[in-house]
Amino acid sequence: MTETTVQNRRIGTSDIEIYPLALGGNVFGWTADEADSFSVLDEFVAGGGNLVDTADGYSHWVAGHVGGESETVIGKWMDARGNRDDVVIATKVSTHPKYEGLAGLNIRAAAEASLRRLDTDYIDLYYAHFDDKTVPLEETISALNELVEAGKVRYIGISNYSAERIDEWMRVVEQNAFYRPVALQPHFNLMEREFEKELQTRAETYQLGVFPYFSLAQGFLTGKYRGESVESPRADGASAYLNERGLRVLAALDSLAATHGVSVASISLAWLRQQPTVVAPLASARNTEQLEALMTSARIDLSAEDVAVLSAL
């Protein structure tokens, strides 16, 4: 395997430096119970990782859940380990059933609820999770700004916003001397390339550190979904990519994985990490066995030719 020395990366214009793989917390308290979640978090940190990404709405879609389960597990883990200052916590607002949308009063209440569940007095990176066009952008940004001024949030991020709305966001920031966002979280992976059309340019222009979500295309880019029946909550989503293009991508990944002596998932994430503006791919693991391939990706240095071959697909 061609390995590179892992170098931490700075998030946009912030002073936060992180390992070049971000751990997704969507599975915590859902497909990963508390014990497995703690094991994954422990191993992630032991391997050099430090950014854990979650949202206030995870995992309200599960029967019997109310939202906030992931934040609660992470909060218990930090309390048990006494390591709050050693990890970077990113969470998001707008999808918790009790705190939907981005109205100012809602953001303030949602942030307090997240802080309680996380058992902390500050959030390192707080995202507007989904654009809410029913609320003036100035109201949303002003509320986030107040949280930074109060010391409850260190930095602001944007998730699932169009290029045009990011431009609007930045105009509001400039007009009101608000704190600038430092991060962008878009849908981006080898199968989903829309990000490269306009959002990548915005990330470059506004110096936003990019954290792609669904980095493994709902599991398809792990290579384990090839038409066979697989018991997994992600199987249906992954099967959507089982077409001619998807099979070409898997064939190229298989070849590079064999060359480097690593898994298909590791190659997929390494390609994403080496894209312009990307600080770290987001990926989740239900157990430590799944985490190993994710961590390996941060140590793989694909050649320019390897990257170009995958990009051309």
# chains A, B, ... in the order shown; residues from 1 in each chain; ligands from 1
>>> closest_atom_pairs(of="range 210-284 of chain A", to="range 22-34 of chain A", cutoff="6 Å", atoms="only C-alpha atoms", output="CSV")
residue,atom,partner,partner_atom,distance
A:Ala280,CA,A:Ala22,CA,5.8
A:Pro281,CA,A:Ala22,CA,6.0
A:Leu282,CA,A:Ala22,CA,4.7
A:Ala283,CA,A:Gly24,CA,5.1
A:Ser284,CA,A:Gly24,CA,4.4
>>> residues_around(residues="Ala177 in chain A", least_positions_apart="6", cutoff="12 Å", atoms="only C-alpha atoms", output="list in words")
Glu138, Ile141, Ser142, Asn145, Trp169, Met170 and Arg171 of chain A
>>> residues_around(residues="range 154-168 of chain A", least_positions_apart="6", cutoff="6 Å", atoms="only C-alpha atoms", output="ChimeraX atom specification")
/A:124-131,148,181-186,199
>>> write_last_selection(atoms="N, CA, C and O atoms", output="JSON list (two decimals), in the first residue's frame")
[["chain", "number", "residue", "atom", "x", "y", "z"],
["A", 124, "ASP", "N", -18.38, 23.06, 18.80],
["A", 124, "ASP", "CA", -17.26, 23.57, 17.99],
["A", 124, "ASP", "C", -17.72, 24.08, 16.64],
["A", 124, "ASP", "O", -17.26, 25.12, 16.16],
["A", 125, "LEU", "N", -18.61, 23.32, 15.98],
["A", 125, "LEU", "CA", -19.07, 23.68, 14.64],
["A", 125, "LEU", "C", -20.56, 23.42, 14.56],
["A", 125, "LEU", "O", -21.00, 22.28, 14.71],
["A", 126, "TYR", "N", -21.33, 24.48, 14.31],
["A", 126, "TYR", "CA", -22.79, 24.39, 14.33],
["A", 126, "TYR", "C", -23.33, 24.72, 12.95],
["A", 126, "TYR", "O", -23.16, 25.83, 12.45],
["A", 127, "TYR", "N", -23.97, 23.73, 12.32],
["A", 127, "TYR", "CA", -24.46, 23.88, 10.96],
["A", 127, "TYR", "C", -25.94, 24.25, 10.90],
["A", 127, "TYR", "O", -26.75, 23.71, 11.66],
["A", 128, "ALA", "N", -26.29, 25.10, 9.95],
["A", 128, "ALA", "CA", -27.66, 25.20, 9.47],
["A", 128, "ALA", "C", -27.85, 23.99, 8.56],
["A", 128, "ALA", "O", -27.25, 23.91, 7.49],
["A", 129, "HIS", "N", -28.66, 23.02, 9.01],
["A", 129, "HIS", "CA", -28.69, 21.70, 8.38],
["A", 129, "HIS", "C", -29.34, 21.72, 6.99],
["A", 129, "HIS", "O", -28.81, 21.16, 6.04],
["A", 130, "PHE", "N", -30.51, 22.34, 6.89],
["A", 130, "PHE", "CA", -31.22, 22.45, 5.61],
["A", 130, "PHE", "C", -31.74, 23.87, 5.46],
["A", 130, "PHE", "O", -32.24, 24.47, 6.42],
["A", 131, "ASP", "N", -31.64, 24.41, 4.27],
["A", 131, "ASP", "CA", -32.11, 25.76, 3.99],
["A", 131, "ASP", "C", -33.60, 25.87, 4.36],
["A", 131, "ASP", "O", -34.39, 24.98, 4.07],
["A", 148, "VAL", "N", -22.45, 32.46, 18.73],
["A", 148, "VAL", "CA", -20.99, 32.60, 18.72],
["A", 148, "VAL", "C", -20.57, 33.66, 19.73],
["A", 148, "VAL", "O", -19.63, 33.46, 20.52],
["A", 181, "PRO", "N", -19.25, 31.86, 7.97],
["A", 181, "PRO", "CA", -19.19, 30.40, 8.10],
["A", 181, "PRO", "C", -17.82, 29.90, 7.66],
["A", 181, "PRO", "O", -17.14, 30.55, 6.84],
["A", 182, "VAL", "N", -17.42, 28.77, 8.21],
["A", 182, "VAL", "CA", -16.10, 28.22, 7.87],
["A", 182, "VAL", "C", -16.18, 26.87, 7.19],
["A", 182, "VAL", "O", -15.17, 26.36, 6.71],
["A", 183, "ALA", "N", -17.39, 26.29, 7.14],
["A", 183, "ALA", "CA", -17.51, 24.92, 6.61],
["A", 183, "ALA", "C", -18.77, 24.76, 5.77],
["A", 183, "ALA", "O", -19.77, 25.45, 5.96],
["A", 184, "LEU", "N", -18.68, 23.84, 4.82],
["A", 184, "LEU", "CA", -19.80, 23.50, 3.95],
["A", 184, "LEU", "C", -19.93, 21.98, 3.92],
["A", 184, "LEU", "O", -18.94, 21.26, 3.73],
["A", 185, "GLN", "N", -21.17, 21.50, 4.11],
["A", 185, "GLN", "CA", -21.39, 20.05, 4.09],
["A", 185, "GLN", "C", -22.37, 19.71, 2.95],
["A", 185, "GLN", "O", -23.57, 19.87, 3.08],
["A", 186, "PRO", "N", -21.83, 19.24, 1.82],
["A", 186, "PRO", "CA", -22.66, 18.89, 0.67],
["A", 186, "PRO", "C", -22.73, 17.38, 0.43],
["A", 186, "PRO", "O", -21.95, 16.61, 0.99],
["A", 199, "LEU", "N", -20.89, 24.40, -6.40],
["A", 199, "LEU", "CA", -20.60, 24.49, -4.98],
["A", 199, "LEU", "C", -19.10, 24.48, -4.69],
["A", 199, "LEU", "O", -18.63, 25.16, -3.77]]
>>> closest_residue(among="A:Leu137, A:Ala240, A:Ile11, A:Leu313", to="Thr277 in chain A", atoms="only C-alpha atoms")
A:Ile11
>>> atom_distance(atom1="CA of Arg84 in chain A", atom2="CA of Gln274 in chain A")
29.0 Å
>>> residues_around(residues="Tyr122 in chain A", least_positions_apart="3", cutoff="7 Å", atoms="only C-alpha atoms", output="MDAnalysis selection string")
chainID A and resid 115 151:153
>>> closest_residue(among="A:Asp119, A:Val173, A:Leu253, A:Ser266", to="Thr140 in chain A", atoms="only C-alpha atoms")
A:Val173
